[in-house]
Amino acid sequence: MTHDTTHPLDDRNTDPKQIASEAAAQIAEKTGVAKHDIALTLGSGWAKAADLIGETVAEFPATEVTGFSKPAVEGHVGTIRSIRTASGQHALVIGARTHYYEDHGVRRVVHSVRTAAATGARIMVLTNGAGGLKESWQPGTPVLINDHINLTATSPLEGATFIDLTDLYSARLRDLARTVEPSLDEGVYVQFRGPHYETPAEVQMAGRMGGQIVGMSTALEAIAAREAGMEVIGFSLITNLAAGLGEPLSHAEVIAAGKDAEPVISKLLADVVNTITKD
């Protein structure tokens, strides 16, 4: 895949945070909301949560905002949505995720997170569909992310930028999530580059390294969110047992598992968001 050289984030002389600020100003103009309080990136299976969080103030294609690309993956809605929660706070819902395997570069991968931070959001909710290493996690199981292993061999941080990731996935927010659903399990997410699924040997490697969840997103976004000073909570929807632990993998089956689980996990996520924002 070739790069679109006209894209502002592909010019290394540009400041990606300045472009995020420009995007945030455009979102404020389109929504009429000067400041958002919380932001969500809704991955496969999680999209319907946006309908349950509160009242939609505005919704528009993400491509109308500087720096955003059209989603390349089925299951991602491709819109930006502003929602007023029951407590009167404002949630920015990002349906347009750029994956690292699309080969647009890491700046574009994390642009949505940097833009969310520039709108004023102090909490970032990251969700995905992923493979699970625990056989007790049946397809459709939501799992909290408590840490990650980044196997993409890259970082969204540029230059001598040193960010502590010790408590990247907020224990406070995970505790709040468990007040909504006490049975929520948690695990370490391992981001591979993709787009091919992991081999059974790679899954075994991830397990020996301490991982319980494998996928192709989220870790790079979480790092950018922490750099921006945001508090992060992550959820994985287990769509299948990881390679070598069950049946051969199929993207169609991943999408199907997400659709089957969507009503339950969407309500869960909406309830968690409203719990976080009620204070």
# chains A, B, ... in the order shown; residues from 1 in each chain; ligands from 1
call {"tool": "residues_around", "arguments": {"residues": "region 12-19 of chain A", "least_positions_apart": "4", "cutoff": "7 Å", "atoms": "only C-alpha atoms", "output": "number ranges by chain"}}
result
A: 23, 107, 114
call {"tool": "residues_around", "arguments": {"residues": "Ala206 (chain A)", "least_positions_apart": "2", "cutoff": "12 Å", "atoms": "only C-alpha atoms", "output": "PDB file with N, CA and C atoms, in the first residue's frame"}}
result
ATOM      1  N   GLY A 131      -8.300 -12.186  20.036  1.00  0.00           N
ATOM      2  CA  GLY A 131      -8.232 -13.603  20.357  1.00  0.00           C
ATOM      3  C   GLY A 131      -7.826 -13.800  21.806  1.00  0.00           C
ATOM      4  N   GLY A 132      -8.361 -14.837  22.417  1.00  0.00           N
ATOM      5  CA  GLY A 132      -8.050 -15.094  23.811  1.00  0.00           C
ATOM      6  C   GLY A 132      -7.238 -16.356  23.995  1.00  0.00           C
ATOM      7  N   LEU A 133      -6.357 -16.348  24.996  1.00  0.00           N
ATOM      8  CA  LEU A 133      -5.545 -17.527  25.296  1.00  0.00           C
ATOM      9  C   LEU A 133      -6.142 -18.375  26.414  1.00  0.00           C
ATOM     10  N   HIS A 148      -0.087  -4.205  28.532  1.00  0.00           N
ATOM     11  CA  HIS A 148       0.100  -4.683  27.162  1.00  0.00           C
ATOM     12  C   HIS A 148       1.553  -4.981  26.859  1.00  0.00           C
ATOM     13  N   ILE A 149       1.746  -5.755  25.796  1.00  0.00           N
ATOM     14  CA  ILE A 149       3.060  -6.016  25.212  1.00  0.00           C
ATOM     15  C   ILE A 149       2.979  -5.546  23.767  1.00  0.00           C
ATOM     16  N   ASN A 150       3.839  -4.614  23.409  1.00  0.00           N
ATOM     17  CA  ASN A 150       3.815  -4.015  22.077  1.00  0.00           C
ATOM     18  C   ASN A 150       4.821  -4.732  21.181  1.00  0.00           C
ATOM     19  N   LEU A 151       4.320  -5.542  20.251  1.00  0.00           N
ATOM     20  CA  LEU A 151       5.191  -6.274  19.330  1.00  0.00           C
ATOM     21  C   LEU A 151       5.187  -5.682  17.922  1.00  0.00           C
ATOM     22  N   VAL A 188      -3.427  -9.343  29.930  1.00  0.00           N
ATOM     23  CA  VAL A 188      -2.416  -8.573  29.205  1.00  0.00           C
ATOM     24  C   VAL A 188      -2.673  -8.712  27.704  1.00  0.00           C
ATOM     25  N   TYR A 189      -2.792  -7.578  27.039  1.00  0.00           N
ATOM     26  CA  TYR A 189      -3.042  -7.533  25.600  1.00  0.00           C
ATOM     27  C   TYR A 189      -1.716  -7.486  24.845  1.00  0.00           C
ATOM     28  N   VAL A 190      -1.592  -8.285  23.821  1.00  0.00           N
ATOM     29  CA  VAL A 190      -0.379  -8.312  22.997  1.00  0.00           C
ATOM     30  C   VAL A 190      -0.733  -7.812  21.606  1.00  0.00           C
ATOM     31  N   GLN A 191      -0.148  -6.676  21.212  1.00  0.00           N
ATOM     32  CA  GLN A 191      -0.406  -6.157  19.867  1.00  0.00           C
ATOM     33  C   GLN A 191       0.641  -6.662  18.887  1.00  0.00           C
ATOM     34  N   PHE A 192       0.174  -7.437  17.918  1.00  0.00           N
ATOM     35  CA  PHE A 192       0.982  -7.827  16.773  1.00  0.00           C
ATOM     36  C   PHE A 192       0.731  -6.830  15.644  1.00  0.00           C
ATOM     37  N   GLU A 198      -2.130 -14.426  14.024  1.00  0.00           N
ATOM     38  CA  GLU A 198      -0.926 -14.994  14.625  1.00  0.00           C
ATOM     39  C   GLU A 198      -0.864 -16.501  14.334  1.00  0.00           C
ATOM     40  N   THR A 199       0.342 -17.013  14.239  1.00  0.00           N
ATOM     41  CA  THR A 199       0.509 -18.460  14.111  1.00  0.00           C
ATOM     42  C   THR A 199       0.360 -19.093  15.494  1.00  0.00           C
ATOM     43  N   PRO A 200       0.079 -20.401  15.559  1.00  0.00           N
ATOM     44  CA  PRO A 200       0.033 -21.056  16.872  1.00  0.00           C
ATOM     45  C   PRO A 200       1.314 -20.855  17.672  1.00  0.00           C
ATOM     46  N   ALA A 201       2.470 -20.869  16.990  1.00  0.00           N
ATOM     47  CA  ALA A 201       3.735 -20.672  17.703  1.00  0.00           C
ATOM     48  C   ALA A 201       3.827 -19.263  18.273  1.00  0.00           C
ATOM     49  N   GLU A 202       3.349 -18.270  17.505  1.00  0.00           N
ATOM     50  CA  GLU A 202       3.372 -16.894  18.000  1.00  0.00           C
ATOM     51  C   GLU A 202       2.428 -16.722  19.184  1.00  0.00           C
ATOM     52  N   VAL A 203       1.296 -17.407  19.152  1.00  0.00           N
ATOM     53  CA  VAL A 203       0.374 -17.359  20.281  1.00  0.00           C
ATOM     54  C   VAL A 203       1.032 -17.966  21.520  1.00  0.00           C
ATOM     55  N   GLN A 204       1.725 -19.090  21.339  1.00  0.00           N
ATOM     56  CA  GLN A 204       2.421 -19.700  22.466  1.00  0.00           C
ATOM     57  C   GLN A 204       3.512 -18.779  22.991  1.00  0.00           C
ATOM     58  N   ARG A 208       3.867 -17.228  26.782  1.00  0.00           N
ATOM     59  CA  ARG A 208       5.071 -17.358  27.612  1.00  0.00           C
ATOM     60  C   ARG A 208       5.618 -16.007  28.028  1.00  0.00           C
ATOM     61  N   MET A 209       5.323 -14.972  27.228  1.00  0.00           N
ATOM     62  CA  MET A 209       5.764 -13.612  27.562  1.00  0.00           C
ATOM     63  C   MET A 209       4.843 -12.953  28.585  1.00  0.00           C
ATOM     64  N   GLY A 210       3.714 -13.586  28.874  1.00  0.00           N
ATOM     65  CA  GLY A 210       2.798 -13.031  29.858  1.00  0.00           C
ATOM     66  C   GLY A 210       1.497 -12.513  29.291  1.00  0.00           C
ATOM     67  N   GLY A 211       1.245 -12.754  27.996  1.00  0.00           N
ATOM     68  CA  GLY A 211       0.022 -12.267  27.376  1.00  0.00           C
ATOM     69  C   GLY A 211      -1.126 -13.253  27.487  1.00  0.00           C
ATOM     70  N   GLN A 212      -2.339 -12.710  27.516  1.00  0.00           N
ATOM     71  CA  GLN A 212      -3.546 -13.547  27.499  1.00  0.00           C
ATOM     72  C   GLN A 212      -4.503 -13.169  26.365  1.00  0.00           C
ATOM     73  N   ILE A 213      -4.239 -12.032  25.700  1.00  0.00           N
ATOM     74  CA  ILE A 213      -5.103 -11.525  24.638  1.00  0.00           C
ATOM     75  C   ILE A 213      -4.209 -11.121  23.475  1.00  0.00           C
ATOM     76  N   VAL A 214      -4.608 -11.469  22.237  1.00  0.00           N
ATOM     77  CA  VAL A 214      -3.789 -11.099  21.080  1.00  0.00           C
ATOM     78  C   VAL A 214      -4.648 -10.358  20.062  1.00  0.00           C
ATOM     79  N   GLY A 215      -4.075  -9.299  19.484  1.00  0.00           N
ATOM     80  CA  GLY A 215      -4.799  -8.508  18.503  1.00  0.00           C
ATOM     81  C   GLY A 215      -3.878  -7.597  17.728  1.00  0.00           C
ATOM     82  N   ALA A 242      -7.432 -18.016  20.452  1.00  0.00           N
ATOM     83  CA  ALA A 242      -6.302 -17.681  19.597  1.00  0.00           C
ATOM     84  C   ALA A 242      -5.819 -18.909  18.820  1.00  0.00           C
ATOM     85  N   ALA A 243      -5.048 -18.652  17.764  1.00  0.00           N
ATOM     86  CA  ALA A 243      -4.603 -19.693  16.838  1.00  0.00           C
ATOM     87  C   ALA A 243      -3.944 -20.854  17.569  1.00  0.00           C
TER      88      ALA A 243
END
call {"tool": "closest_atom_pairs", "arguments": {"of": "region 57-135 of chain A", "to": "region 222-240 of chain A", "cutoff": "12 Å", "atoms": "only C-alpha atoms", "output": "tab-separated table"}}
result
residue	atom	partner	partner_atom	distance
A:Val106	CA	A:Ala224	CA	10.1
A:Arg107	CA	A:Ala224	CA	9.6
A:Arg108	CA	A:Ala224	CA	11.3
A:Val109	CA	A:Ala224	CA	9.6
A:Val110	CA	A:Ala224	CA	6.4
A:His111	CA	A:Ala224	CA	8.8
A:Ser112	CA	A:Ala225	CA	9.7
A:Val113	CA	A:Ala225	CA	6.0
A:Arg114	CA	A:Ala225	CA	6.8
A:Thr115	CA	A:Ala228	CA	9.8
A:Ala116	CA	A:Ala225	CA	8.9
A:Ala117	CA	A:Ala228	CA	6.4
A:Ala118	CA	A:Ala228	CA	8.5
A:Thr119	CA	A:Ala228	CA	11.4
A:Gly120	CA	A:Met230	CA	9.6
A:Ala121	CA	A:Met230	CA	7.4
A:Arg122	CA	A:Met230	CA	4.7
A:Ile123	CA	A:Glu231	CA	4.7
A:Met124	CA	A:Val232	CA	4.9
A:Val125	CA	A:Ile233	CA	5.1
A:Leu126	CA	A:Gly234	CA	4.7
A:Thr127	CA	A:Phe235	CA	4.7
A:Asn128	CA	A:Ser236	CA	5.0
A:Gly129	CA	A:Leu237	CA	4.7
A:Ala130	CA	A:Ile238	CA	5.1
A:Gly131	CA	A:Asn240	CA	5.1
A:Gly132	CA	A:Ile238	CA	5.7
A:Leu133	CA	A:Asn240	CA	9.1
A:Lys134	CA	A:Ile238	CA	9.8
A:Glu135	CA	A:Asn240	CA	9.6
call {"tool": "residues_around", "arguments": {"residues": "region 251-253 of chain A", "least_positions_apart": "5", "cutoff": "12 Å", "atoms": "only C-alpha atoms", "output": "MDAnalysis selection string"}}
result
chainID A and resid 44:45 73:75 129:131 139:140 195:197 238:241 258:260
call {"tool": "write_last_selection", "arguments": {"atoms": "C-alpha atoms", "output": "CSV table (one decimal), in the first residue's frame"}}
result
chain,number,residue,atom,x,y,z
A,44,SER,CA,-15.3,-4.6,16.4
A,45,GLY,CA,-18.4,-5.6,18.3
A,73,VAL,CA,-12.0,-2.8,8.2
A,74,GLU,CA,-15.5,-4.1,8.2
A,75,GLY,CA,-17.0,-3.6,11.7
A,129,GLY,CA,-12.1,-7.5,19.2
A,130,ALA,CA,-9.3,-10.0,19.9
A,131,GLY,CA,-8.2,-13.6,20.4
A,139,PRO,CA,-16.4,-16.0,22.2
A,140,GLY,CA,-18.4,-13.0,23.3
A,195,PRO,CA,-2.9,-8.1,9.1
A,196,HIS,CA,-2.3,-11.9,9.1
A,197,TYR,CA,-3.5,-13.7,12.2
A,238,ILE,CA,-12.9,-12.1,23.0
A,239,THR,CA,-14.1,-13.2,19.5
A,240,ASN,CA,-12.3,-16.5,19.3
A,241,LEU,CA,-9.7,-18.7,20.9
A,258,GLY,CA,-18.9,-9.4,17.7
A,259,LYS,CA,-22.5,-9.0,16.4
A,260,ASP,CA,-23.7,-11.9,18.6
call {"tool": "closest_residue", "arguments": {"among": "A:Val93, A:Ala34, A:Ala24, A:Lys267", "to": "Glu64 (chain A)", "atoms": "only C-alpha atoms"}}
result
A:Ala24
call {"tool": "select_by_dssp", "arguments": {"residues": "region 29-277 of chain A", "states": "helix (DSSP H, G or I)", "output": "VMD selection string"}}
result
chain A and resid 29 to 31 47 to 53 62 to 64 100 to 102 106 to 109 111 to 118 171 to 180 200 to 208 219 to 227 251 to 277
call {"tool": "write_last_selection", "arguments": {"atoms": "C-alpha atoms", "output": "compact mmCIF listing (two decimals), in the first residue's frame"}}
result
# COMPACT_ATOMS: atom_id res chain seq x y z
CA GLU A 29 -17.23 23.72 15.30
CA LYS A 30 -19.18 20.77 13.87
CA THR A 31 -20.62 19.65 17.21
CA ALA A 47 -20.21 0.13 18.08
CA LYS A 48 -23.77 -0.08 19.45
CA ALA A 49 -22.59 1.27 22.80
CA ALA A 50 -22.74 4.74 21.27
CA ASP A 51 -26.54 4.44 21.05
CA LEU A 52 -26.82 3.76 24.79
CA ILE A 53 -24.48 6.33 26.32
CA ALA A 62 -14.58 11.20 10.23
CA THR A 63 -13.06 12.02 6.85
CA GLU A 64 -14.55 15.52 7.16
CA TYR A 100 -0.91 -0.04 11.89
CA TYR A 101 -1.09 -2.79 9.26
CA GLU A 102 -2.73 -0.34 6.84
CA VAL A 106 2.04 5.36 13.32
CA ARG A 107 1.14 9.07 13.32
CA ARG A 108 -2.13 8.29 11.57
CA VAL A 109 -2.77 5.33 13.88
CA HIS A 111 -4.25 10.71 15.40
CA SER A 112 -7.72 9.95 16.77
CA VAL A 113 -6.36 9.69 20.32
CA ARG A 114 -4.35 12.90 20.05
CA THR A 115 -7.39 14.65 18.61
CA ALA A 116 -9.54 13.38 21.48
CA ALA A 117 -7.03 14.77 23.96
CA ALA A 118 -7.03 18.09 22.11
CA ALA A 171 -6.55 0.58 38.12
CA ARG A 172 -9.06 3.20 39.26
CA LEU A 173 -11.10 2.89 36.08
CA ARG A 174 -10.90 -0.91 36.11
CA ASP A 175 -12.25 -0.89 39.65
CA LEU A 176 -15.12 1.36 38.54
CA ALA A 177 -15.86 -1.04 35.66
CA ARG A 178 -16.10 -3.91 38.12
CA THR A 179 -18.71 -2.01 40.14
CA VAL A 180 -20.85 -2.34 37.00
CA PRO A 200 0.03 -21.06 16.87
CA ALA A 201 3.73 -20.67 17.70
CA GLU A 202 3.37 -16.89 18.00
CA VAL A 203 0.37 -17.36 20.28
CA GLN A 204 2.42 -19.70 22.47
CA MET A 205 5.21 -17.11 22.50
CA ALA A 206 2.75 -14.42 23.57
CA GLY A 207 1.55 -16.66 26.39
CA ARG A 208 5.07 -17.36 27.61
CA ALA A 219 -1.29 -0.62 22.39
CA LEU A 220 0.05 2.20 20.20
CA GLU A 221 -3.09 4.24 20.89
CA ALA A 222 -2.75 3.70 24.64
CA ILE A 223 0.84 4.95 24.58
CA ALA A 224 -0.23 8.12 22.74
CA ALA A 225 -3.07 8.63 25.21
CA ARG A 226 -0.68 8.43 28.14
CA GLU A 227 1.71 10.87 26.44
CA HIS A 251 -12.46 -12.68 9.86
CA ALA A 252 -16.10 -13.42 9.05
CA GLU A 253 -16.38 -15.46 12.24
CA VAL A 254 -14.74 -12.65 14.22
CA ILE A 255 -17.34 -10.20 12.90
CA ALA A 256 -20.14 -12.68 13.61
CA ALA A 257 -18.97 -13.19 17.20
CA GLY A 258 -18.91 -9.45 17.67
CA LYS A 259 -22.45 -9.05 16.36
CA ASP A 260 -23.72 -11.85 18.59
CA ALA A 261 -22.16 -10.25 21.68
CA GLU A 262 -22.98 -6.68 20.73
CA PRO A 263 -26.18 -6.15 22.78
CA VAL A 264 -24.59 -7.34 26.03
CA ILE A 265 -21.19 -5.70 25.71
CA SER A 266 -22.64 -2.44 24.37
CA LYS A 267 -24.84 -2.07 27.45
CA LEU A 268 -21.89 -2.98 29.66
CA LEU A 269 -19.69 -0.33 28.08
CA ALA A 270 -22.42 2.32 28.19
CA ASP A 271 -23.01 1.59 31.88
CA VAL A 272 -19.27 1.84 32.57
CA VAL A 273 -19.03 5.17 30.74
CA ASN A 274 -22.00 6.57 32.65
CA THR A 275 -20.47 5.37 35.91
CA ILE A 276 -17.16 7.06 35.07
CA THR A 277 -18.79 10.33 34.04
call {"tool": "select_by_dssp", "arguments": {"residues": "region 177-222 of chain A", "states": "strand (DSSP E)", "output": "PyMOL selection string"}}
result
chain A and resi 185-191+213-215
call {"tool": "atom_distance", "arguments": {"atom1": "CA of Pro8 (chain A)", "atom2": "CA of Gly67 (chain A)"}}
result
6.6 Å
call {"tool": "closest_residue", "arguments": {"among": "A:Gly54, A:Leu42, A:His104, A:His36", "to": "Phe68 (chain A)", "atoms": "only C-alpha atoms"}}
result
A:His104
call {"tool": "closest_residue", "arguments": {"among": "A:Ala91, A:Ser136, A:Ile163, A:Ser82", "to": "Gly32 (chain A)", "atoms": "only C-alpha atoms"}}
result
A:Ser82
call {"tool": "closest_residue", "arguments": {"among": "A:Glu55, A:Val143, A:Gln89, A:Ala20", "to": "Ser183 (chain A)", "atoms": "only C-alpha atoms"}}
result
A:Val143
call {"tool": "closest_residue", "arguments": {"among": "A:Gly187, A:Ala96, A:Asn146, A:Thr152", "to": "Asp167 (chain A)", "atoms": "only C-alpha atoms"}}
result
A:Asn146
call {"tool": "closest_residue", "arguments": {"among": "A:Ser21, A:Trp46, A:Asp185, A:Ser69", "to": "Gly105 (chain A)", "atoms": "only C-alpha atoms"}}
result
A:Ser69
